[in-house]
$ cat input.pdb   # PDB, C-alpha atoms
ATOM      1  CA  SER A   1       0.000   0.000   0.000
ATOM      2  CA  VAL A   2       1.031   3.631  -0.379
ATOM      3  CA  THR A   3       1.064   5.911   2.643
ATOM      4  CA  PHE A   4       1.532   9.669   2.438
ATOM      5  CA  ASP A   5       3.516  11.219   5.252
ATOM      6  CA  PRO A   6       3.889  15.026   5.227
ATOM      7  CA  PHE A   7       7.301  16.280   6.368
ATOM      8  CA  TRP A   8       8.844  19.491   7.689
ATOM      9  CA  ASP A   9      12.354  18.252   7.100
ATOM     10  CA  LEU A  10      14.123  15.097   5.989
ATOM     11  CA  SER A  11      16.679  13.494   8.315
ATOM     12  CA  LEU A  12      19.328  11.957   6.101
ATOM     13  CA  PRO A  13      21.670   9.274   7.442
ATOM     14  CA  LEU A  14      25.373   9.446   6.673
ATOM     15  CA  PRO A  15      26.316   6.143   5.017
ATOM     16  CA  ARG A  16      28.735   4.296   7.300
ATOM     17  CA  SER A  17      30.413   2.423   4.445
ATOM     18  CA  LYS A  18      32.204   5.605   3.401
ATOM     19  CA  SER A  19      34.323   7.706   5.708
ATOM     20  CA  SER A  20      35.336  10.108   2.936
ATOM     21  CA  GLY A  21      33.965  11.149  -0.414
ATOM     22  CA  LEU A  22      30.388  11.442   0.839
ATOM     23  CA  ASN A  23      27.954  13.608  -1.035
ATOM     24  CA  LEU A  24      24.353  14.581  -0.463
ATOM     25  CA  LEU A  25      23.029  12.202  -3.120
ATOM     26  CA  SER A  26      24.668   9.221  -1.361
ATOM     27  CA  CYS A  27      22.833  10.294   1.828
ATOM     28  CA  PHE A  28      19.575  10.410  -0.157
ATOM     29  CA  ALA A  29      20.344   6.949  -1.602
ATOM     30  CA  GLU A  30      20.701   5.581   1.944
ATOM     31  CA  PHE A  31      17.473   7.337   3.013
ATOM     32  CA  THR A  32      15.435   5.980   0.080
ATOM     33  CA  GLN A  33      16.874   2.447   0.082
ATOM     34  CA  GLU A  34      14.205  -0.245   0.265
ATOM     35  CA  GLU A  35      13.897  -1.625   3.789
ATOM     36  CA  ILE A  36      12.443  -5.002   4.798
ATOM     37  CA  LEU A  37      10.058  -4.765   7.749
ATOM     38  CA  ASP A  38      10.209  -8.010   9.690
ATOM     39  CA  GLY A  39      10.104  -9.105  13.322
ATOM     40  CA  ASP A  40       8.828  -6.362  15.637
ATOM     41  CA  GLU A  41       8.594  -3.958  12.699
ATOM     42  CA  LYS A  42       5.959  -5.982  10.815
ATOM     43  CA  PRO A  43       2.743  -3.998  10.370
ATOM     44  CA  THR A  44      -0.718  -5.489  10.831
ATOM     45  CA  CYS A  45      -2.584  -6.184   7.586
ATOM     46  CA  GLU A  46      -5.910  -4.319   7.418
ATOM     47  CA  ASN A  47      -7.594  -7.253   5.635
ATOM     48  CA  CYS A  48      -6.468 -10.380   7.514
ATOM     49  CA  LYS A  49      -5.479  -8.603  10.783
ATOM     50  CA  LYS A  50      -2.199 -10.556  10.937
ATOM     51  CA  ARG A  51       1.285  -9.094  11.097
ATOM     52  CA  GLN A  52       2.873  -9.347   7.651
ATOM     53  CA  LYS A  53       6.457  -9.030   6.457
ATOM     54  CA  CYS A  54       6.705  -6.204   3.907
ATOM     55  CA  THR A  55       9.042  -3.608   2.429
ATOM     56  CA  LYS A  56       9.204   0.140   2.889
ATOM     57  CA  GLN A  57      10.751   2.716   0.584
ATOM     58  CA  PHE A  58      10.617   6.506   0.605
ATOM     59  CA  SER A  59       9.987   8.736  -2.381
ATOM     60  CA  ILE A  60       8.703  12.294  -2.683
ATOM     61  CA  GLU A  61       5.249  12.915  -4.108
ATOM     62  CA  ARG A  62       5.231  16.726  -3.874
ATOM     63  CA  PHE A  63       8.347  18.819  -3.571
ATOM     64  CA  PRO A  64       8.106  21.726  -1.114
ATOM     65  CA  PRO A  65       9.122  25.285  -1.980
ATOM     66  CA  ILE A  66      11.646  25.184   0.911
ATOM     67  CA  LEU A  67      13.454  21.902   1.531
ATOM     68  CA  VAL A  68      15.098  21.405   4.935
ATOM     69  CA  LEU A  69      17.656  18.600   5.141
ATOM     70  CA  HIS A  70      19.001  17.429   8.492
ATOM     71  CA  LEU A  71      22.273  15.502   8.293
ATOM     72  CA  LYS A  72      22.211  12.860  11.041
ATOM     73  CA  ARG A  73      25.591  13.613  12.586
ATOM     74  CA  PHE A  74      24.848  12.219  16.040
ATOM     75  CA  SER A  75      25.163   8.454  16.379
ATOM     76  CA  GLU A  76      24.044   6.289  19.265
ATOM     77  CA  VAL A  77      26.057   3.170  18.528
ATOM     78  CA  ARG A  78      27.322   2.073  21.976
ATOM     79  CA  TYR A  79      27.597   5.688  23.157
ATOM     80  CA  ARG A  80      26.590   9.010  21.664
ATOM     81  CA  THR A  81      29.157  10.357  19.206
ATOM     82  CA  LYS A  82      29.274  13.071  16.591
ATOM     83  CA  LEU A  83      30.118  12.114  13.011
ATOM     84  CA  SER A  84      32.394  14.797  11.585
ATOM     85  CA  THR A  85      32.518  13.366   8.064
ATOM     86  CA  LYS A  86      32.439  16.027   5.359
ATOM     87  CA  VAL A  87      29.390  15.711   3.124
ATOM     88  CA  ASP A  88      29.673  17.528  -0.205
ATOM     89  CA  PHE A  89      26.457  19.270  -1.182
ATOM     90  CA  PRO A  90      25.622  21.497  -4.139
ATOM     91  CA  ILE A  91      25.160  25.214  -3.633
ATOM     92  CA  GLU A  92      23.152  25.427  -6.854
ATOM     93  CA  ASN A  93      21.058  23.016  -8.920
ATOM     94  CA  LEU A  94      20.374  20.208  -6.447
ATOM     95  CA  ASP A  95      18.443  17.858  -8.747
ATOM     96  CA  LEU A  96      16.029  15.537  -6.915
ATOM     97  CA  SER A  97      14.205  14.074  -9.915
ATOM     98  CA  ASP A  98      15.443  10.554  -9.011
ATOM     99  CA  LEU A  99      13.563  10.809  -5.686
ATOM    100  CA  SER A 100      10.229  11.620  -7.265
ATOM    101  CA  SER A 101       7.435   9.062  -6.926
ATOM    102  CA  HIS A 102       6.433   9.824 -10.528
ATOM    103  CA  SER A 103       7.867  11.688 -13.473
ATOM    104  CA  HIS A 104       7.319  15.422 -13.271
ATOM    105  CA  SER A 105       6.948  17.754 -16.190
ATOM    106  CA  CYS A 106       9.328  20.086 -14.374
ATOM    107  CA  THR A 107      12.436  18.727 -12.671
ATOM    108  CA  PRO A 108      12.620  19.596  -8.964
ATOM    109  CA  LYS A 109      15.835  21.608  -8.637
ATOM    110  CA  TYR A 110      16.937  23.550  -5.589
ATOM    111  CA  ASP A 111      19.459  26.235  -4.658
ATOM    112  CA  LEU A 112      21.045  26.449  -1.221
ATOM    113  CA  VAL A 113      19.985  29.497   0.825
ATOM    114  CA  GLY A 114      21.254  28.598   4.301
ATOM    115  CA  VAL A 115      23.309  26.209   6.415
ATOM    116  CA  SER A 116      23.217  25.632  10.157
ATOM    117  CA  ASN A 117      26.633  24.457  11.305
ATOM    118  CA  HIS A 118      27.410  22.699  14.589
ATOM    119  CA  SER A 119      30.910  22.850  16.033
ATOM    120  CA  GLY A 120      31.810  20.923  19.135
ATOM    121  CA  ASN A 121      30.767  17.511  20.390
ATOM    122  CA  THR A 122      27.621  15.748  21.581
ATOM    123  CA  PHE A 123      27.693  17.389  24.998
ATOM    124  CA  SER A 124      28.549  20.965  24.127
ATOM    125  CA  GLY A 125      28.884  23.008  21.014
ATOM    126  CA  HIS A 126      28.084  26.146  19.123
ATOM    127  CA  TYR A 127      25.830  26.856  16.166
ATOM    128  CA  ILE A 128      26.804  29.214  13.356
ATOM    129  CA  ALA A 129      24.577  30.006  10.368
ATOM    130  CA  TYR A 130      25.625  30.684   6.800
ATOM    131  CA  CYS A 131      22.916  32.506   4.855
ATOM    132  CA  LYS A 132      22.624  33.840   1.361
ATOM    133  CA  VAL A 133      21.514  37.478   1.308
ATOM    134  CA  GLY A 134      20.904  38.613  -2.256
ATOM    135  CA  SER A 135      23.816  37.107  -4.166
ATOM    136  CA  ARG A 136      26.318  37.147  -1.260
ATOM    137  CA  TRP A 137      26.923  34.696   1.583
ATOM    138  CA  HIS A 138      27.242  35.744   5.228
ATOM    139  CA  ARG A 139      28.323  34.056   8.448
ATOM    140  CA  PHE A 140      26.056  34.721  11.440
ATOM    141  CA  SER A 141      27.443  33.968  14.893
ATOM    142  CA  ASP A 142      26.152  35.074  18.305
ATOM    143  CA  SER A 143      27.062  38.734  18.045
ATOM    144  CA  SER A 144      28.743  39.127  14.669
ATOM    145  CA  VAL A 145      27.985  38.995  10.971
ATOM    146  CA  SER A 146      30.666  38.740   8.309
ATOM    147  CA  SER A 147      30.912  37.996   4.604
ATOM    148  CA  ILE A 148      32.188  34.570   3.594
ATOM    149  CA  SER A 149      33.367  32.981   0.387
ATOM    150  CA  ARG A 150      31.309  30.312  -1.407
ATOM    151  CA  SER A 151      34.255  27.956  -0.908
ATOM    152  CA  ASP A 152      33.731  28.131   2.897
ATOM    153  CA  ILE A 153      30.103  26.962   2.813
ATOM    154  CA  VAL A 154      30.631  23.206   2.418
ATOM    155  CA  SER A 155      32.291  21.900   5.589
ATOM    156  CA  SER A 156      32.313  18.952   7.970
ATOM    157  CA  GLU A 157      30.274  21.038  10.443
ATOM    158  CA  ALA A 158      27.214  21.403   8.163
ATOM    159  CA  TYR A 159      24.239  20.077  10.124
ATOM    160  CA  VAL A 160      21.017  21.446   8.595
ATOM    161  CA  LEU A 161      20.721  22.560   4.955
ATOM    162  CA  PHE A 162      18.047  24.929   3.668
ATOM    163  CA  TYR A 163      17.204  24.797  -0.029
ATOM    164  CA  GLU A 164      14.769  26.888  -2.072
ATOM    165  CA  ARG A 165      13.102  25.336  -5.095
ATOM    166  CA  GLN A 166      13.988  27.019  -8.373
ATOM    167  CA  ARG A 167      11.135  28.695 -10.170
ATOM    168  CA  PRO A 168      10.324  27.206 -13.580
ATOM    169  CA  SER A 169      11.849  29.299 -16.355
TER     170      SER A 169
END

$ encode --input "input.pdb" --output "structure tokens"
Amino acid sequence: SVTFDPFWDLSLPLPRSKSSGLNLLSCFAEFTQEEILDGDEKPTCENCKKRQKCTKQFSIERFPPILVLHLKRFSEVRYRTKLSTKVDFPIENLDLSDLSSHSHSCTPKYDLVGVSNHSGNTFSGHYIAYCKVGSRWHRFSDSSVSSISRSDIVSSEAYVLFYERQRPS
């Protein structure tokens, strides 16, 4: 069956098989990978009322005007740790057509407009925002604002990404 689940943001796992060379599309591939629901995860069938083994896979039916992507940097394997792996992500033209549940007449493409960065560890840290204002990027910290270069935006501290859908031309 198909279930629609509205979302405010998508929490993307960081694939553990790679410690370097990660990009945002590999995180999406992990997120949308088909999963077998068995054991305690088996849902109850509406018709026969018995728990049935099934599969689950995510796709996007409607793309939002603002897409918020949370990179799951905090792991709870044995003890809580922060994953500081750098994830490359596009600043312009993030193409999500492969994630669509059906073919769209217009390809869902996004441009980055903000990044929330977390520095520190699981027990203490500091958040710094990078935001696009007009055509320039700025760094917002507690009491200061400064201009930054596009080359500084992608870092291993990126935690939440904010994308705006491109308008059809």

$ closest_residue --input "input.pdb" --among "A:Gly134, A:Leu96, A:Val160, A:Ser147" --to "Leu12 in chain A" --atoms "only C-alpha atoms"
A:Val160

$ atom_distance --input "input.pdb" --atom1 "CA of Phe123 in chain A" --atom2 "CA of Phe162 in chain A"
24.6 Å

$ atom_distance --input "input.pdb" --atom1 "CA of Glu164 in chain A" --atom2 "CA of Pro64 in chain A"
8.5 Å

$ closest_residue --input "input.pdb" --among "A:Asn121, A:Gln166, A:Gln52, A:Thr44" --to "Ser75 in chain A" --atoms "all atoms listed in the file"
A:Asn121

$ closest_residue --input "input.pdb" --among "A:Asp9, A:Asp40, A:Glu157, A:Asp152" --to "Val68 in chain A" --atoms "only C-alpha atoms"
A:Asp9

$ residues_around --input "input.pdb" --residues "Ser84 in chain A" --least-positions-apart "3" --cutoff "10 Å" --atoms "all atoms listed in the file" --output "list in words"
Ser19, Arg73, Phe74, Thr81, Val87, His118, Ser119, Gly120, Asn121, Ser155, Ser156, Glu157, Ala158 and Tyr159 of chain A

$ build_atoms --input "input.pdb" --residues "range 130-151 of chain A" --atoms "N, CA, C and O atoms" --output "tab-separated table (two decimals), in the frame of the given file"
chain	number	residue	atom	x	y	z
A	130	TYR	N	25.20	30.06	8.05
A	130	TYR	CA	25.62	30.68	6.80
A	130	TYR	C	24.34	30.93	6.00
A	130	TYR	O	23.56	30.00	5.80
A	131	CYS	N	24.14	32.17	5.59
A	131	CYS	CA	22.92	32.51	4.86
A	131	CYS	C	23.24	33.33	3.62
A	131	CYS	O	24.14	34.19	3.66
A	132	LYS	N	22.49	33.08	2.59
A	132	LYS	CA	22.62	33.84	1.36
A	132	LYS	C	21.71	35.05	1.46
A	132	LYS	O	20.50	34.92	1.69
A	133	VAL	N	22.27	36.23	1.29
A	133	VAL	CA	21.51	37.48	1.31
A	133	VAL	C	21.76	38.13	-0.04
A	133	VAL	O	22.88	38.56	-0.32
A	134	GLY	N	20.71	38.16	-0.88
A	134	GLY	CA	20.90	38.61	-2.26
A	134	GLY	C	21.77	37.60	-2.98
A	134	GLY	O	21.44	36.42	-3.03
A	135	SER	N	22.91	38.04	-3.47
A	135	SER	CA	23.82	37.11	-4.17
A	135	SER	C	25.06	36.80	-3.34
A	135	SER	O	25.94	36.09	-3.79
A	136	ARG	N	25.13	37.33	-2.10
A	136	ARG	CA	26.32	37.15	-1.26
A	136	ARG	C	26.01	36.25	-0.06
A	136	ARG	O	24.88	36.21	0.43
A	137	TRP	N	27.05	35.57	0.42
A	137	TRP	CA	26.92	34.70	1.58
A	137	TRP	C	27.50	35.38	2.81
A	137	TRP	O	28.50	36.09	2.73
A	138	HIS	N	26.82	35.15	3.96
A	138	HIS	CA	27.24	35.74	5.23
A	138	HIS	C	27.30	34.68	6.32
A	138	HIS	O	26.55	33.70	6.29
A	139	ARG	N	28.16	34.92	7.28
A	139	ARG	CA	28.32	34.06	8.45
A	139	ARG	C	27.71	34.79	9.64
A	139	ARG	O	28.10	35.91	9.95
A	140	PHE	N	26.74	34.14	10.29
A	140	PHE	CA	26.06	34.72	11.44
A	140	PHE	C	26.44	33.93	12.69
A	140	PHE	O	26.15	32.73	12.78
A	141	SER	N	27.12	34.59	13.62
A	141	SER	CA	27.44	33.97	14.89
A	141	SER	C	26.67	34.73	15.97
A	141	SER	O	25.83	35.57	15.65
A	142	ASP	N	26.95	34.48	17.23
A	142	ASP	CA	26.15	35.07	18.30
A	142	ASP	C	26.02	36.59	18.19
A	142	ASP	O	24.92	37.12	18.27
A	143	SER	N	27.12	37.27	18.04
A	143	SER	CA	27.06	38.73	18.05
A	143	SER	C	27.77	39.36	16.86
A	143	SER	O	28.07	40.55	16.88
A	144	SER	N	28.04	38.56	15.82
A	144	SER	CA	28.74	39.13	14.67
A	144	SER	C	28.20	38.56	13.36
A	144	SER	O	27.70	37.44	13.30
A	145	VAL	N	28.34	39.39	12.33
A	145	VAL	CA	27.98	38.99	10.97
A	145	VAL	C	29.16	39.37	10.09
A	145	VAL	O	29.70	40.48	10.20
A	146	SER	N	29.57	38.44	9.23
A	146	SER	CA	30.67	38.74	8.31
A	146	SER	C	30.40	38.07	6.97
A	146	SER	O	29.66	37.09	6.89
A	147	SER	N	31.02	38.60	5.93
A	147	SER	CA	30.91	38.00	4.60
A	147	SER	C	31.80	36.76	4.55
A	147	SER	O	32.85	36.72	5.20
A	148	ILE	N	31.37	35.76	3.79
A	148	ILE	CA	32.19	34.57	3.59
A	148	ILE	C	32.22	34.22	2.11
A	148	ILE	O	31.36	34.63	1.34
A	149	SER	N	33.20	33.45	1.76
A	149	SER	CA	33.37	32.98	0.39
A	149	SER	C	32.51	31.74	0.15
A	149	SER	O	32.27	30.96	1.08
A	150	ARG	N	32.06	31.54	-1.06
A	150	ARG	CA	31.31	30.31	-1.41
A	150	ARG	C	32.10	29.06	-1.08
A	150	ARG	O	31.54	28.03	-0.72
A	151	SER	N	33.42	29.13	-1.17
A	151	SER	CA	34.26	27.96	-0.91
A	151	SER	C	34.25	27.55	0.57
A	151	SER	O	34.64	26.45	0.91
